[in-house]
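Q: This is work-v1.csv (CSV, C-alpha atoms).
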chain,number,residue,atom,x,y,z
R,1363,MET,CA,0.0,0.0,0.0
R,1364,THR,CA,2.8,2.3,0.9
R,1365,THR,CA,4.6,1.5,-2.4
R,1366,LEU,CA,1.5,2.3,-4.4
R,1367,SER,CA,1.0,5.7,-2.6
R,1368,LEU,CA,4.6,6.6,-3.3
R,1369,SER,CA,4.2,5.8,-7.0
R,1370,ASN,CA,1.1,7.9,-7.1
R,1371,ASP,CA,2.9,10.8,-5.4
R,1372,ALA,CA,5.9,10.5,-7.9
R,1373,ALA,CA,3.5,10.4,-10.8
R,1374,ALA,CA,1.7,13.5,-9.5
R,1375,GLN,CA,5.0,15.4,-9.3
R,1376,VAL,CA,5.9,14.6,-12.9
R,1377,GLN,CA,5.0,17.7,-15.0
R,1378,PRO,CA,4.1,17.2,-18.6
R,1379,LEU,CA,6.3,18.9,-21.1
R,1380,PRO,CA,4.7,21.9,-22.7
R,1381,ALA,CA,3.5,21.3,-26.2
R,1382,GLN,CA,5.8,22.8,-28.8
R,1383,ARG,CA,4.1,24.1,-31.9
R,1384,SER,CA,6.0,23.0,-35.0
R,1385,ARG,CA,7.2,25.8,-37.3
R,1386,GLY,CA,5.1,26.2,-40.4
R,1387,TYR,CA,6.4,26.0,-43.9
R,1388,TRP,CA,6.2,29.8,-44.6
R,1389,SER,CA,7.8,30.6,-41.2
R,1390,SER,CA,10.7,28.3,-42.2
R,1391,VAL,CA,10.9,30.0,-45.6
R,1392,LEU,CA,11.0,33.4,-43.9
R,1393,GLN,CA,13.7,32.3,-41.5
R,1394,ARG,CA,15.9,30.9,-44.3
R,1395,LEU,CA,15.4,34.1,-46.3
R,1396,LEU,CA,16.4,36.3,-43.3
R,1397,HIS,CA,19.6,34.3,-43.1
R,1398,ASP,CA,20.5,34.9,-46.7
R,1399,PRO,CA,22.8,38.0,-46.7
R,1400,VAL,CA,22.6,38.5,-50.5
R,1401,ALA,CA,18.8,38.4,-50.6
R,1402,MET,CA,18.6,40.7,-47.5
R,1403,GLY,CA,21.0,43.1,-49.1
R,1404,ALA,CA,18.9,43.2,-52.3
R,1405,ALA,CA,15.7,43.7,-50.2
R,1406,ALA,CA,17.4,46.6,-48.4
R,1407,VAL,CA,18.2,48.3,-51.7
R,1408,ILE,CA,14.6,47.8,-52.9
R,1409,LEU,CA,13.2,49.1,-49.6
R,1410,LEU,CA,15.4,52.1,-49.9
R,1411,LEU,CA,14.2,52.8,-53.4
R,1412,VAL,CA,10.6,52.4,-52.4
R,1413,ILE,CA,11.0,54.8,-49.5
R,1414,VAL,CA,12.7,57.4,-51.8
R,1415,ALA,CA,10.0,56.9,-54.4
R,1416,ILE,CA,7.2,57.5,-51.8
R,1417,LEU,CA,8.9,60.5,-50.1
R,1418,SER,CA,10.4,62.0,-53.2
R,1419,PRO,CA,8.0,64.9,-53.6
R,1420,TRP,CA,9.0,66.1,-50.1
R,1421,ILE,CA,12.7,65.3,-50.0
R,1422,VAL,CA,14.0,66.3,-53.4
R,1423,PRO,CA,16.7,69.0,-53.2
R,1424,SER,CA,15.2,71.1,-56.0
R,1425,ASP,CA,12.4,71.2,-58.6
R,1426,PRO,CA,12.9,68.3,-61.0
R,1427,TYR,CA,11.1,70.1,-63.8
R,1428,ALA,CA,12.9,73.5,-63.4
R,1429,ALA,CA,15.1,74.0,-66.5
R,1430,SER,CA,18.0,76.4,-66.8
R,1431,MET,CA,20.2,76.5,-70.0
R,1432,LEU,CA,22.9,78.1,-67.9
R,1433,LYS,CA,23.2,74.9,-65.9
R,1434,ARG,CA,23.1,72.6,-68.9
R,1435,LEU,CA,25.1,69.3,-68.6
R,1436,LYS,CA,27.0,70.2,-65.5
R,1437,PRO,CA,29.3,67.4,-64.2
R,1438,ILE,CA,28.9,65.4,-61.1
R,1439,GLY,CA,29.9,67.3,-58.0
R,1440,THR,CA,28.9,70.7,-59.2
R,1441,GLU,CA,27.8,73.0,-56.3
R,1442,GLY,CA,24.0,72.6,-55.9
R,1443,LEU,CA,24.0,69.7,-58.4
R,1444,PRO,CA,25.5,66.7,-56.6
R,1445,LEU,CA,24.8,64.4,-59.6
R,1446,GLY,CA,25.1,67.0,-62.3
R,1447,SER,CA,22.3,68.2,-64.6
R,1448,ASP,CA,20.6,67.0,-67.8
R,1449,GLU,CA,20.4,68.5,-71.3
R,1450,LEU,CA,18.0,71.1,-70.1
R,1451,GLY,CA,19.8,72.1,-66.9
R,1452,ARG,CA,17.5,70.2,-64.6
R,1453,ASP,CA,18.8,68.7,-61.3
R,1454,LEU,CA,19.6,65.0,-62.1
R,1455,LEU,CA,19.5,63.9,-58.5
R,1456,SER,CA,16.0,65.3,-58.1
R,1457,ARG,CA,14.8,63.7,-61.4
R,1458,LEU,CA,16.3,60.3,-60.4
R,1459,MET,CA,14.5,60.4,-57.1
R,1460,VAL,CA,11.2,61.4,-58.6
R,1461,GLY,CA,11.7,59.0,-61.5
R,1462,ALA,CA,12.0,56.1,-59.0
R,1463,ARG,CA,8.3,56.3,-58.3
R,1464,LEU,CA,7.3,56.0,-62.0
R,1465,SER,CA,9.9,53.5,-62.8
R,1466,LEU,CA,9.0,51.2,-60.0
R,1467,PHE,CA,5.3,51.6,-60.7
R,1468,MET,CA,5.9,50.7,-64.4
R,1469,GLY,CA,7.9,47.7,-63.4
R,1470,ILE,CA,5.8,46.2,-60.6
R,1471,THR,CA,2.2,47.0,-61.7
R,1472,PRO,CA,2.2,44.9,-64.9
R,1473,VAL,CA,3.6,41.9,-63.1
R,1474,LEU,CA,0.9,42.2,-60.4
R,1475,MET,CA,-1.9,42.4,-62.9
R,1476,ALA,CA,-0.4,39.6,-64.9
R,1477,PHE,CA,0.0,37.5,-61.8
R,1478,VAL,CA,-3.7,37.8,-60.9
R,1479,ILE,CA,-5.0,37.2,-64.5
R,1480,GLY,CA,-2.3,34.6,-65.6
R,1481,ALA,CA,-2.6,32.6,-62.3
R,1482,GLY,CA,-6.3,32.4,-62.7
R,1483,ILE,CA,-6.1,31.3,-66.3
R,1484,GLY,CA,-3.4,28.8,-65.6
R,1485,ILE,CA,-5.1,27.3,-62.5
R,1486,LEU,CA,-8.4,26.9,-64.4
R,1487,ALA,CA,-6.6,25.2,-67.3
R,1488,GLY,CA,-4.5,23.0,-65.1
R,1489,TYR,CA,-7.3,21.8,-62.9
R,1490,ALA,CA,-10.0,21.4,-65.6
R,1491,GLY,CA,-7.7,19.5,-68.0
R,1492,GLY,CA,-9.1,17.9,-71.2
R,1493,ARG,CA,-10.4,20.2,-73.9
R,1494,THR,CA,-10.6,23.2,-71.7
R,1495,ASN,CA,-6.9,22.9,-71.0
R,1496,THR,CA,-6.2,22.4,-74.7
R,1497,VAL,CA,-8.2,25.5,-75.8
R,1498,ILE,CA,-6.8,27.8,-73.2
R,1499,MET,CA,-3.2,26.7,-73.5
R,1500,ARG,CA,-3.1,26.7,-77.3
R,1501,THR,CA,-4.4,30.3,-77.2
R,1502,ILE,CA,-1.8,31.2,-74.6
R,1503,ASP,CA,0.9,29.6,-76.8
R,1504,VAL,CA,0.1,32.1,-79.7
R,1505,PHE,CA,1.2,35.0,-77.5
R,1506,TYR,CA,4.0,33.0,-75.9
R,1507,ALA,CA,5.5,32.3,-79.3
R,1508,PHE,CA,6.6,35.9,-79.7
R,1509,PRO,CA,9.7,37.3,-78.0
R,1510,SER,CA,8.8,39.6,-75.1
R,1511,VAL,CA,10.6,42.6,-76.4
R,1512,LEU,CA,9.0,42.4,-79.9
R,1513,LEU,CA,5.5,41.7,-78.5
R,1514,ALA,CA,5.8,44.7,-76.1
R,1515,ILE,CA,6.9,47.0,-78.9
R,1516,ALA,CA,4.2,45.8,-81.2
R,1517,LEU,CA,1.5,46.2,-78.7
R,1518,SER,CA,2.7,49.6,-77.5
R,1519,GLY,CA,3.0,50.8,-81.1
R,1520,ALA,CA,-0.5,49.6,-81.9
R,1521,LEU,CA,-2.0,51.2,-78.7
R,1522,GLY,CA,0.1,54.3,-78.8
R,1523,ALA,CA,2.5,55.9,-76.3
R,1524,GLY,CA,1.5,56.6,-72.7
R,1525,ILE,CA,1.6,55.1,-69.2
R,1526,PHE,CA,-1.7,53.3,-69.4
R,1527,ASN,CA,-1.0,51.8,-72.8
R,1528,SER,CA,2.5,50.6,-71.6
R,1529,LEU,CA,0.9,49.0,-68.6
R,1530,VAL,CA,-1.6,47.1,-70.8
R,1531,SER,CA,1.1,46.0,-73.2
R,1532,LEU,CA,3.4,44.7,-70.5
R,1533,THR,CA,0.6,43.0,-68.7
R,1534,ILE,CA,-0.4,41.1,-72.0
R,1535,VAL,CA,3.3,40.2,-72.4
R,1536,PHE,CA,3.6,38.6,-69.0
R,1537,ILE,CA,0.2,36.8,-68.8
R,1538,PRO,CA,1.2,33.9,-71.0
R,1539,GLN,CA,4.4,33.3,-69.1
R,1540,ILE,CA,2.7,33.2,-65.7
R,1541,ALA,CA,-0.2,31.2,-67.1
R,1542,ARG,CA,2.1,28.4,-68.3
R,1543,VAL,CA,3.8,28.1,-64.9
R,1544,ALA,CA,0.4,28.1,-63.2
R,1545,GLU,CA,-1.0,25.4,-65.5
R,1546,SER,CA,2.1,23.3,-65.0
R,1547,VAL,CA,2.1,23.3,-61.1
R,1548,THR,CA,-1.7,23.0,-61.0
R,1549,ALA,CA,-1.7,19.9,-63.3
R,1550,GLN,CA,0.8,18.3,-60.9
R,1551,ALA,CA,-1.3,19.2,-57.8
R,1552,ARG,CA,-4.6,18.0,-59.2
R,1553,ASN,CA,-3.3,14.4,-59.1
R,1554,ARG,CA,-2.1,14.5,-55.5
R,1555,ASP,CA,-3.6,12.1,-53.0
R,1556,TYR,CA,-5.3,14.8,-50.9
R,1557,VAL,CA,-7.0,16.2,-54.0
R,1558,GLU,CA,-8.2,12.8,-55.0
R,1559,ALA,CA,-9.5,12.2,-51.4
R,1560,ALA,CA,-11.3,15.5,-51.5
R,1561,ARG,CA,-12.8,14.7,-54.9
R,1562,ALA,CA,-13.9,11.3,-53.6
R,1563,THR,CA,-15.8,12.9,-50.7
R,1564,GLY,CA,-17.9,14.8,-53.2
R,1565,ALA,CA,-16.4,18.3,-52.6
R,1566,HIS,CA,-17.2,20.9,-55.1
R,1567,PRO,CA,-14.4,21.7,-57.6
R,1568,PHE,CA,-14.3,25.3,-56.5
R,1569,THR,CA,-13.9,24.2,-52.9
R,1570,ILE,CA,-11.1,21.8,-53.8
R,1571,VAL,CA,-9.2,24.5,-55.7
R,1572,ARG,CA,-9.7,27.1,-53.0
R,1573,VAL,CA,-8.8,24.8,-50.1
R,1574,HIS,CA,-6.4,22.2,-51.4
R,1575,VAL,CA,-4.9,23.6,-54.6
R,1576,LEU,CA,-4.3,27.3,-54.2
R,1577,GLY,CA,-2.1,26.9,-51.1
R,1578,ASN,CA,0.3,24.5,-52.9
R,1579,VAL,CA,0.6,26.4,-56.3
R,1580,LEU,CA,0.6,30.1,-55.4
R,1581,GLY,CA,4.1,29.9,-53.9
R,1582,PRO,CA,5.9,28.7,-57.1
R,1583,ILE,CA,3.8,31.1,-59.2
R,1584,PHE,CA,4.6,34.0,-56.9
R,1585,VAL,CA,8.3,33.3,-56.9
R,1586,TYR,CA,8.3,33.1,-60.7
R,1587,SER,CA,6.4,36.4,-60.9
R,1588,THR,CA,8.9,38.2,-58.8
R,1589,SER,CA,11.6,37.2,-61.2
R,1590,LEU,CA,9.6,39.0,-63.9
R,1591,ILE,CA,9.8,42.4,-62.2
R,1592,ALA,CA,13.3,43.0,-63.3
R,1593,VAL,CA,12.3,42.1,-66.9
R,1594,SER,CA,9.3,44.4,-66.6
R,1595,MET,CA,11.4,47.3,-65.5
R,1596,ILE,CA,13.8,46.8,-68.4
R,1597,LEU,CA,11.0,46.5,-70.9
R,1598,ALA,CA,9.2,49.5,-69.5
R,1599,SER,CA,12.4,51.6,-69.7
R,1600,GLY,CA,13.0,50.3,-73.2
R,1601,LEU,CA,9.6,51.4,-74.3
R,1602,SER,CA,10.2,54.9,-72.9
R,1603,PHE,CA,13.6,55.0,-74.5
R,1604,LEU,CA,12.0,54.3,-77.9
R,1605,GLY,CA,9.3,56.9,-77.3
R,1606,LEU,CA,6.5,54.3,-76.8
R,1607,GLY,CA,6.2,54.6,-73.0
R,1608,VAL,CA,6.2,57.6,-70.7
R,1609,LYS,CA,6.1,61.0,-72.4
R,1610,PRO,CA,8.3,64.0,-71.6
R,1611,PRO,CA,8.8,65.9,-69.3
R,1612,GLU,CA,8.0,63.1,-66.8
R,1613,PRO,CA,11.2,61.9,-65.1
R,1614,GLU,CA,11.3,58.2,-65.9
R,1615,TRP,CA,14.7,56.4,-66.0
R,1616,GLY,CA,14.3,55.0,-69.5
R,1617,LEU,CA,13.1,58.3,-70.9
R,1618,MET,CA,16.0,60.1,-69.1
R,1619,LEU,CA,18.4,57.7,-70.7
R,1620,ASN,CA,17.0,58.5,-74.1
R,1621,THR,CA,17.3,62.3,-73.7
R,1622,LEU,CA,20.8,62.1,-72.3
R,1623,ARG,CA,22.2,59.8,-75.0
R,1624,THR,CA,23.5,62.7,-76.9
R,1625,ALA,CA,25.6,63.8,-73.9
R,1626,ILE,CA,27.5,60.5,-73.8
R,1627,TYR,CA,30.6,62.0,-75.3
R,1628,THR,CA,30.6,65.3,-73.2
R,1629,GLN,CA,29.3,64.0,-69.8
R,1630,PRO,CA,29.4,60.2,-69.9
R,1631,TRP,CA,29.0,59.7,-66.2
R,1632,VAL,CA,26.0,61.9,-66.0
R,1633,ALA,CA,24.5,60.2,-69.1
R,1634,ALA,CA,25.0,56.8,-67.5
R,1635,LEU,CA,23.3,57.5,-64.2
R,1636,PRO,CA,19.7,56.5,-65.3
R,1637,GLY,CA,21.0,53.3,-66.8
R,1638,LEU,CA,22.9,52.6,-63.6
R,1639,MET,CA,19.7,53.0,-61.6
R,1640,ILE,CA,17.9,50.6,-63.9
R,1641,PHE,CA,20.7,48.1,-63.5
R,1642,ILE,CA,20.8,48.3,-59.7
R,1643,THR,CA,17.1,48.0,-59.3
R,1644,SER,CA,16.8,45.1,-61.8
R,1645,ILE,CA,19.6,43.1,-60.3
R,1646,SER,CA,18.2,43.7,-56.8
R,1647,PHE,CA,14.9,42.2,-57.8
R,1648,ASN,CA,16.7,39.3,-59.4
R,1649,LEU,CA,18.8,38.5,-56.3
R,1650,LEU,CA,15.7,38.8,-54.1
R,1651,SER,CA,13.8,36.4,-56.3
R,1652,ASP,CA,16.7,33.9,-56.3
R,1653,GLY,CA,16.9,34.1,-52.6
R,1654,LEU,CA,13.2,33.5,-52.2
R,1655,ARG,CA,13.4,30.5,-54.6
R,1656,SER,CA,16.3,29.0,-52.7
R,1657,ALA,CA,14.4,29.4,-49.4
R,1658,MET,CA,11.3,27.7,-50.8
R,1659,ASP,CA,13.3,24.9,-52.4
R,1660,ASN,CA,15.1,24.0,-49.2
R,1661,LYS,CA,13.2,21.1,-47.7
R,1662,GLY,CA,15.5,20.6,-44.8
Transcribe the structure of this file into structure tokens.

A:
Amino acid sequence: MTTLSLSNDAAAQVQPLPAQRSRGYWSSVLQRLLHDPVAMGAAAVILLLVIVAILSPWIVPSDPYAASMLKRLKPIGTEGLPLGSDELGRDLLSRLMVGARLSLFMGITPVLMAFVIGAGIGILAGYAGGRTNTVIMRTIDVFYAFPSVLLAIALSGALGAGIFNSLVSLTIVFIPQIARVAESVTAQARNRDYVEAARATGAHPFTIVRVHVLGNVLGPIFVYSTSLIAVSMILASGLSFLGLGVKPPEPEWGLMLNTLRTAIYTQPWVAALPGLMIFITSISFNLLSDGLRSAMDNKG
């Protein structure tokens, strides 16, 4: 009897270990991404550019539209003009800061719109299969067959110059690319055991897609879409450079590169600054996308 009471006392003193909640998939992805110095460096550059773009109307050192022929094509380091001036004597630093807003908008917005439309089309085609898939994807292939640059130029030339038309052109360019990726990952997910089990229970196809498919396919689609932002920025700048995008006197980096090309022999460093900003921004988005892809691919 004494032994039994002692055993009960010992059992009462044993405290159960607290339940530890396992780290979710996206939490693990975030942790791996935070430990990637290259990706975090690229994210810091992008964050800085976004902050400058948002606050540019209030922090620019001078009016980016004020021209002065007396200050035309001043070199870098000129008093009052830290980065020199353009062909009309406008402060290049102020124009680069204000231009960040329009350049980022032109680079990110088409990808976001294409992500929503292309992902919806690709998921529908991938889950439906059969003739629906054939009709949708063969139509997508017609646009996908054209090189992105030529298709963007052709659409912008047909629609005319302007910010809105450029956004429409670039969105149409990226929809087929995102739709193909979405269709591929959805076609793989629709044959998974958990989808088959949900289908066997009589769940509605919309419910299956919303509950079981979206969570497994949106990640790869989003990662691929982020890699298109750099391409979008280059294409948007190229359209403006060719006169098919933003119209003067708006300070957009591609348009600035076009107007400064005649100064390449007199002030090469000043003329190269808009191109340098395009390069830095594009490579930052590429590095961040690569880091996100690596974080998601790591299954350990």

Q: Provide the atom CA of R:Gly1492 to atom CA of R:Ser1510 distance in Å, to one decimal place.

A: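 Computed distance, atom CA of R:Gly1492 to atom CA of R:Ser1510, equals 28.4 Å.
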
Q: Once you count all atoms listed in the file, which residues end up no further than 7 Å from (2.9, 52.1, -70.4) in the file's frame, shown as a list in words?

A: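 These residues have at least one counted atom within 7 Å: Met1468, Gly1524, Ile1525, Phe1526, Asn1527, Ser1528, Leu1529, Val1530, Ser1531, Ala1598, Gly1607 and Val1608 of chain R.
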
Q: Which of these residues is nearest to R:Leu1517, using all atoms listed in the file: R:Ile1591, R:Leu1601, R:Ile1537, R:Leu1486?

A: R:Leu1601

Q: Figure out the distance between atom CA of R:Ile1413 and atom CA of R:Glu1612, please, to one decimal in Å.

A: 19.4 Å

Q: So which one's closest to R:Thr1548, R:Asn1620, R:Ser1456, R:Thr1440, R:Asn1495? Using all atoms listed in the file, please.

A: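 With all atoms listed in the file as the atom set, the closest residue is R:Asn1495.
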
Q: In Å, with one decimal, what is the gap from atom CA of R:Ala1592 to atom CA of R:Pro1472?

A: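 Computed distance, atom CA of R:Ala1592 to atom CA of R:Pro1472, equals 11.4 Å.
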
Q: Do you know which residues are at most 8 Å from R:Ile1540 counting all atoms listed in the file, after dropping those on the same chain fewer than 2 positions away, and could you put them as a PyMOL selection string?

A: chain R and resi 1476-1477+1480-1481+1484+1536-1538+1542-1544+1583+1586-1587

Q: List every protein, DNA or RNA residue that has an atom no more than 12 Å from (20.6, 58.7, -76.1) in the file's coordinate frame, counting all atoms listed in the file, and report them as a ChimeraX atom specification.

A: /R:1448-1449,1600,1602-1605,1615-1627,1629-1630,1632-1634,1636-1637

Q: Using all atoms listed in the file, find the one residue out of R:Gly1442, R:Pro1426, R:Gly1491, R:Gly1482 that sits nearest to R:Pro1613.

A: R:Pro1426

Q: Which one is closest to R:Phe1568: R:Ala1507, R:Leu1635, R:Ile1485, R:Val1547? Count only C-alpha atoms.

A: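 The answer is R:Ile1485, which sits nearest to R:Phe1568.
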
Q: Which residue, R:Ser1599, R:Phe1584, R:Glu1545, R:Ile1483, has the smallest gap to R:Glu1614 when you use only C-alpha atoms?

A: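 Closest to R:Glu1614, using only C-alpha atoms: R:Ser1599.
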
Q: Ranking R:Ile1502, R:Ala1405, R:Ala1462, R:Leu1454 by minimum distance to R:Asp1425 and counting all atoms listed in the file, which one comes first?

A: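 Distance minimum relative to R:Asp1425 lands on R:Leu1454.
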